[in-house]
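Enquirer: Once you've had a glance at the structure underneath, I'll fire off some questions.
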Amino acid sequence: MSENKTILDIRNLDISFKTHAGVVHAIRGVNLDLCKGETVAIVGESGSGKSVTMKAAMGLLDSNASVNSGEILYTYTNDQGVEKTVDLLKMSKKELRQHINGKRIAMVFQDPMTSLDPTMTIGKQIMESMFLHRKLSKDAAKARALELLQLVGITDAEKRFRHYPHQLSGGMRQRVVIAIALSADPDILICDEPTTALDVTIQAKILELIMDIQRKMKLSVIYITHDLGVVAKVADYVNVMYAGKIVEVGNVNEIFFEPKHPYTWGLLSAMPDMDTDDDRLYSIPGSPPNLLHEPKGDAFAARNQFAMTIDEKEEPPMFQVSRTHSAATWLLHPDAPKVEMPKELEARLARARKEVEKYL
Amino acid sequence: MQSGYTPQKGDFTFLHRQDLSTDTNFASQSYWKGVFVHFFHNRRAVTGLVIVLLILFFSLFGPVMNSFGYRDIVQYRNENNKRVVAKGIAPQIPALHRLFTGEELEGNFSEYTFLFGTDDLGRDLWTRTWYGARVSLLIAFVTIIIDMMIGMSYGLISGYFGGMVDNVMQRFVEIANSIPRLVIVSVLAIFMPKGMGLVIVALLLTEWIGMSKIARAEMLKIKEQEYVLASRTLGAGNGHIIFKEILPNTIGPIITQVMFSIPTAIFTEAFLSFVGVGIVLPQCSVGTLIEDGFNNITTLPYQILPPILVLALLMLGFNFIGDGLREALAPKLEDM
Amino acid sequence: MAKYVCKRIGMAILTLLIITFLLFFLVRIMPGNPFPSERMSAEQIANKRAEMGLDDPILVQFVRYMSGVLRGDFGKGTSLYNGAPIKTVLSSAISNSFRIGGIAILLGTAVGLILGITAALHRGRFLDSFCTVFSILGVCVPSYVFLIFLQYNFSFRIPFFPYFFDPSRFLFSSVIPSLSLSLFTMSTIARFTRNEMVEVFDSDYVRLAESKGMYGRNLVMKHVLRNALIPIVTVLAPLVVDLLTGALVVEKIYGINGIGKLMVDAIAGEGIDYNYVLALGILYSALYIGIMLIVDLLYGVLDPRIRVSAKEGDA
């Protein structure tokens with residue numbers, strides 16, 4: 001996909017959950033690449049399986065989950081300077097915790113109000129990883145923790161170091177969570193809806209902070225989000241996920257200006273926009289399929305106004321649009337009738353493009 | 001990734017669906033139906049329900065399943081016109097005995113079926129056990145329902161008005177809650193004769209507090225929600241809002257609390273009767289039956305088992321139902 | 001924090017005072033009390049009443065009574081123990097009850113914690129089910145039933161333990177009552193600990209700790225146990241109260257001269273001994289309020305969310 005080396009490569013991942021109601025097939029063959037130093041976003045409605053995919057990479061799946069097939073290949077340079085590739089799904093939880101989690105792949109969670117241990121000071125929580133993975137001395141760890149607190153934009157680091165989570169605001173706590181994630185110098189940072197639980201004014205600041213740190217520390221970042229605004233701001237590549245599958249993938253320009261999948265059209269149309277003439281706020285009709293009963297054919301067919309007969313028979317494969325861009329919809333089949341994205345959306349995207357070009 | 005399917009003619013025609021906006025995936029399932037389904041999928045909750053229903057059934061119909069009254073002494077006059085009393089007969093079923101051994105039972109009452117045996121006075125324990133269970137259940141149900149009404153009204157009013165009213169009402173609850181139940185019972189024992197009345201009043205005075213706390217907490221949670229505000233802006237009165245808008249939403253947690261309070265009430269009744277300030281003879285309840293059994297334990301050890309089993313099963317059943325309800329009302333995501 | 005502690009202690013004392021007055025008032029307004037009146041003439045009774053200060057306003061009487069109570073003087077029983085001073089009877093009863101109850105609480109808490117933690121660590125597997133069944137059993141059967149069972153089997157059929165309490169062999173003869181009293185505590189704590197731990201295991205902060213690379217014993221010790229055990233302090237108060245109630249019957253059945261048996265004798269006998277009811281009522285209330293106070297303060301010390309107020313570090 002890009003010139004940089006791929007460091008995380010998810011191949012054909014398939015996961016299901018056992019529940020009271022039956023088996024839920026939550027991830028149905030996901031492929032995803034992350035290259036060094038780049039940012040990849042996974043976009044989709046809640047329940048589309050975006051978090052589950054990343055939890056699988058972290059070994060954080062609930063006990064009722066089972067991985068049916070697939071691999072998550074992670075390439076890294078080990079402590080001896082030798083490059084290695086491992087399948088994270090083949091590693092035991094213990095191995096993952098010892099060698100990968102925190103040390104090489106770290107995660108920032110959605111809700112900063114609940115993701116910090118309420119009975120432990122912030123300083124201790126930041127230093128924990130350093131003791132685990134970097135074997136730092138107490139003084140060195142403290143110095144590093146203070147440095148990190150300043151890096152994530154917390155003033156009065158010395159004072160905050162001794163504070164408990166409840167003494168900080170939501171935005172502050174998310175900064176602390178980021179500091180914790182960075183504490184053992186990981187290669188990859190997974191951000192699971194990092195700004196959803198925060199005030200709008202703080203959202204932008206946190207995103208900028210992550211981007212800034214990414215540049216400074218040469219991190220590769222995966223964003224999990226349902227917010228296309230976030231995606232447009234931070235991502236190099238975008239994976240649109242629907243019902244446990246990636247339905248469209250491309251770089252950020254391709255997804256935003258030349259989307260091919262009707263679901264992506266829907267997502268883009270649903271974004272609020274100041275200039276749209278239409279008063280109504282668009283929303284994609286219906287709701288995602290219940291993966292307890294796996295749909296036959298294209299999972300999106302039931303909500304797709306361009307659904308064709310074939311969509312109910314067979315699942316569409318990925319059609320390559322360009323080197324970096326592909327989408328899973330039968331509309332791209334050579335025999336399919338020519339369908340353009342809705343006029344309204346086209347106009348909108350054209351306007352947006354002009355805006356962007358102004359700044360280039 | 002190429003699928004093996006080769007498109008056929010006619011595959012690429014639009015379906016032109018009109019019904020896109022109807023959402024059938026999660027077709028409107030009402031809240032209570034969801035709770036219902038969840039509850040009945042919970043094996044423990046169903047077990048609890050079956051146990052309670054069985055005991056309820058026997059406590060209603062058990063005493064009339066044979067000809068003995070709960071206070072009647074089983075006896076007859078023999079040929080010398082002497083009274084023969086069925087004292088201390090271990091559980092016996094003549095028909096089964098005949099079936100398995102081919103012999104007749106011995107003794108004066110070899111024709112009689114005593115499923116649980118008889119006590120030292122010659123009363124049938126089957127009848128007494130179920131009669132006792134009936135009394136215990138009745139006390140529990142009556143008091144808890146009254147407690148529920150008192151507690152809910154108190155909690156809802158306190159939570160709804162807030163401020164000074166809430167403050168005063170909560171101080172009162174705090175003090176009331178700081179008096180051990182034992183002390184309340186002992187003071188009541190001064191004023192009231194021992195018996196069912198004392199048990200009921202003791203339970204009435206203590207069990208409402210828990211209910212009121214739950215009702216108040218729910219009220220505080222719901223009070224600020226949009227639909228209540230909407231109703232207020234439309235000019236609804238306090239009474240209307242409390243009882244029409246909010247009350248229905250507190251039902252779930254309150255019923256759960258009821259399921260946990262009933263066993264507490266049964267426990268308390270058994271305890272008070274055992275100590276000797278509860279149900280008095282010749283009435284009987286689970287508590288007095290356990291006491292009787294204890295008094296005769298060295299001579300008639302089987303006598304204590306039925307009431308203990310009934311008590312334990314009732315506790316178990318109601319606790320299971322309560323747990324099941326709590327889970328069904330607030331299901332965790334992974335159980336869905 | 002200091003302000004909170006003072007306020008909390010003040011509230012406890014005030015509550016106790018109100019309850020004590022209520023008890024005093026209720027017991028004193030009873031007619032015909034507090035001495036057996038059959039053999040006395042009306043004049044004698046009047047004299048006696050005046051002599052005992054029973055005609056004074058109730059508040060004056062209350063202050064007089066309370067100043068006695070503070071010196072440990074609860075007066076004399078009206079019918080129990082031939083009018084021996086309540087103080088003497090009570091002090092030996094308290095010592096018996098506290099020792100047996102203390103053993104029960106310690107045993108119950110220790111075993112309960114072990115069971116609960118074991119169950120949570122083996123969630124969904126055999127040991128979990130085993131601990132669950134055990135704790136359900138303990139909650140569903142009253143302590144006196146356990147006592148009867150143990151007494152019947154291990155004192156009567158197999159006469160190993162004494163059939164009744166024997167103060168000269170204190171420890172040996174407290175095995176049966178302590179064990180039966182501890183079962184409820186044990187199962188409640190086991191159940192609560194298990195649920196708390198499971199909840200903490202599912203929490204976001206444990207997820208974050210795992211994503212940091214913590215696992216196994218380290219994770220449990222540093223993040224799970226502390227968070228799970230703090231709330232357990234709160235169930236201790238109701239448990240002690242249940243224990244006191246249970247002790248009533250257990251002491252009565254096993255012939256232990258403790259406060260529970262005293263209470264039963266005072267209310268369930270032929271005549272009610274008002275002075276004992278009053279003294280025991282005050283004692284029980286003080287115990288209850290005292291325990292709630294201790295639990296509250298302990299909780300405050302253990303939980304930083306209460307210990308350190310949010311205001312100190314505005315955000």
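Going through the structure tokens in order, the chains are called A, B, and so on, while each chain numbers its residues from 1 and the ligands are numbered from 1 in the order shown.
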Could the residues of chain C within 6 Å of chain B, counting only C-alpha atoms, be given as an MDAnalysis selection string, please?
Expert: chainID C and resid 140:141 268 281 285
Enquirer: Select all residues from chain C having any atom no more than 12 Å from an atom of chain A (counting only C-alpha atoms, ignoring ligands), output as a count of residues only.
Expert: 47
Enquirer: Report as number ranges by chain: the residues of segment 151-277 of chain C with a DSSP assignment of helix (DSSP H, G or I), based on the backbone of this structure.
Expert: C: 151-157, 167-173, 175-201, 204-212, 216-229, 232-254, 259-268, 274-277
Enquirer: Can you measure atom CA of Thr118 of chain C to atom CA of Gly48 of chain B for me? One decimal in Å is fine.
Expert: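 Computing it gives 25.7 Å between the two atoms.
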Enquirer: List the neighbours of Val46 of chain B out to 12 Å using only C-alpha atoms; skip same-chain residues closer than 4 positions along the sequence, and give me the result as a ChimeraX atom specification.
Expert: /B:36-42,50-53,316-325
Enquirer: Might you pull out every residue within 9 Å of segment 71-77 of chain A, with only C-alpha atoms counted and same-chain residues fewer than 6 positions away left off, and present them as an NGL selection string?
Expert: :A and (6-13 or 56-57 or 83-90 or 104 or 187)
Enquirer: Using 7 Å as the limit and counting only C-alpha atoms, can you tabulate each residue of chain A that touches chain B, with its shortest atom-to-atom distance in Å and the two atoms involved, as CSV?
Expert:
```
residue,atom,partner,partner_atom,distance
A:Thr19,CA,B:Asp335,CA,6.1
A:His20,CA,B:Asp335,CA,5.9
A:Ala21,CA,B:Met336,CA,6.8
A:Pro285,CA,B:Ser21,CA,4.7
A:Gly286,CA,B:Asp23,CA,4.6
A:Ser287,CA,B:Asp23,CA,6.3
A:Pro289,CA,B:Asn25,CA,6.0
A:Asn290,CA,B:Asn25,CA,6.0
A:Ala302,CA,B:Leu20,CA,6.9
A:Arg303,CA,B:Leu20,CA,5.7
A:Gln305,CA,B:His16,CA,6.7
A:Phe306,CA,B:Phe14,CA,6.3
A:Ala307,CA,B:Phe14,CA,5.8
A:Met308,CA,B:Phe14,CA,4.2
A:Thr309,CA,B:Asp11,CA,4.9
A:Ile310,CA,B:Asp11,CA,4.6
A:Pro317,CA,B:Gln2,CA,5.8
A:Met318,CA,B:Met1,CA,6.4
A:Ala336,CA,B:Phe12,CA,5.3
A:Pro337,CA,B:Phe12,CA,6.9
```
Enquirer: Mind dumping the selected residues with C-alpha atoms as a CSV table (one decimal), in the first residue's frame?
Expert:
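Result went into part.csv, see below:
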```csv
chain,number,residue,atom,x,y,z
A,19,THR,CA,-24.0,-15.7,23.9
A,20,HIS,CA,-27.2,-16.8,25.6
A,21,ALA,CA,-29.1,-16.1,22.4
A,285,PRO,CA,-32.1,3.8,6.8
A,286,GLY,CA,-32.5,0.8,9.1
A,287,SER,CA,-29.9,-0.6,11.4
A,289,PRO,CA,-27.8,-6.6,10.8
A,290,ASN,CA,-28.0,-8.7,13.8
A,302,ALA,CA,-31.2,-4.6,3.2
A,303,ARG,CA,-30.3,-0.9,3.7
A,305,GLN,CA,-31.1,1.8,-2.1
A,306,PHE,CA,-29.0,0.5,-4.9
A,307,ALA,CA,-29.4,-3.1,-3.9
A,308,MET,CA,-29.4,-5.6,-6.8
A,309,THR,CA,-30.6,-9.1,-7.2
A,310,ILE,CA,-27.1,-10.4,-6.9
A,317,PRO,CA,-15.7,-9.6,-3.3
A,318,MET,CA,-13.3,-6.6,-3.0
A,336,ALA,CA,-23.3,-3.8,-13.2
A,337,PRO,CA,-25.3,-0.7,-14.3
```
Enquirer: Please report the interatomic distance between atom CA of Ile272 of chain C and atom CA of Tyr163 of chain C in Å with one decimal.
Expert: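 These two atoms are separated by 28.4 Å.
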Enquirer: Using DSSP secondary structure from the backbone, list all strand (DSSP E) positions within segment 39-256 of chain B, as JSON, numbers by chain.
Expert: {"B": [75, 76, 77, 83, 84, 85]}
Enquirer: Got a sec: who's within 10 Å of Gly107 of chain B, counting only C-alpha atoms, leaving out chain neighbours fewer than 4 positions off, as a short mmCIF file (atom, residue, chain, number, x, y, z; two decimals) with C-alpha atoms, in the first residue's frame?
Expert:
```cif
data_model
loop_
_atom_site.label_atom_id
_atom_site.label_comp_id
_atom_site.auth_asym_id
_atom_site.auth_seq_id
_atom_site.Cartn_x
_atom_site.Cartn_y
_atom_site.Cartn_z
CA ALA B 86 -50.43 -41.72 67.16
CA ILE B 89 -44.63 -42.13 64.49
CA GLU B 111 -53.04 -48.40 58.04
#
```
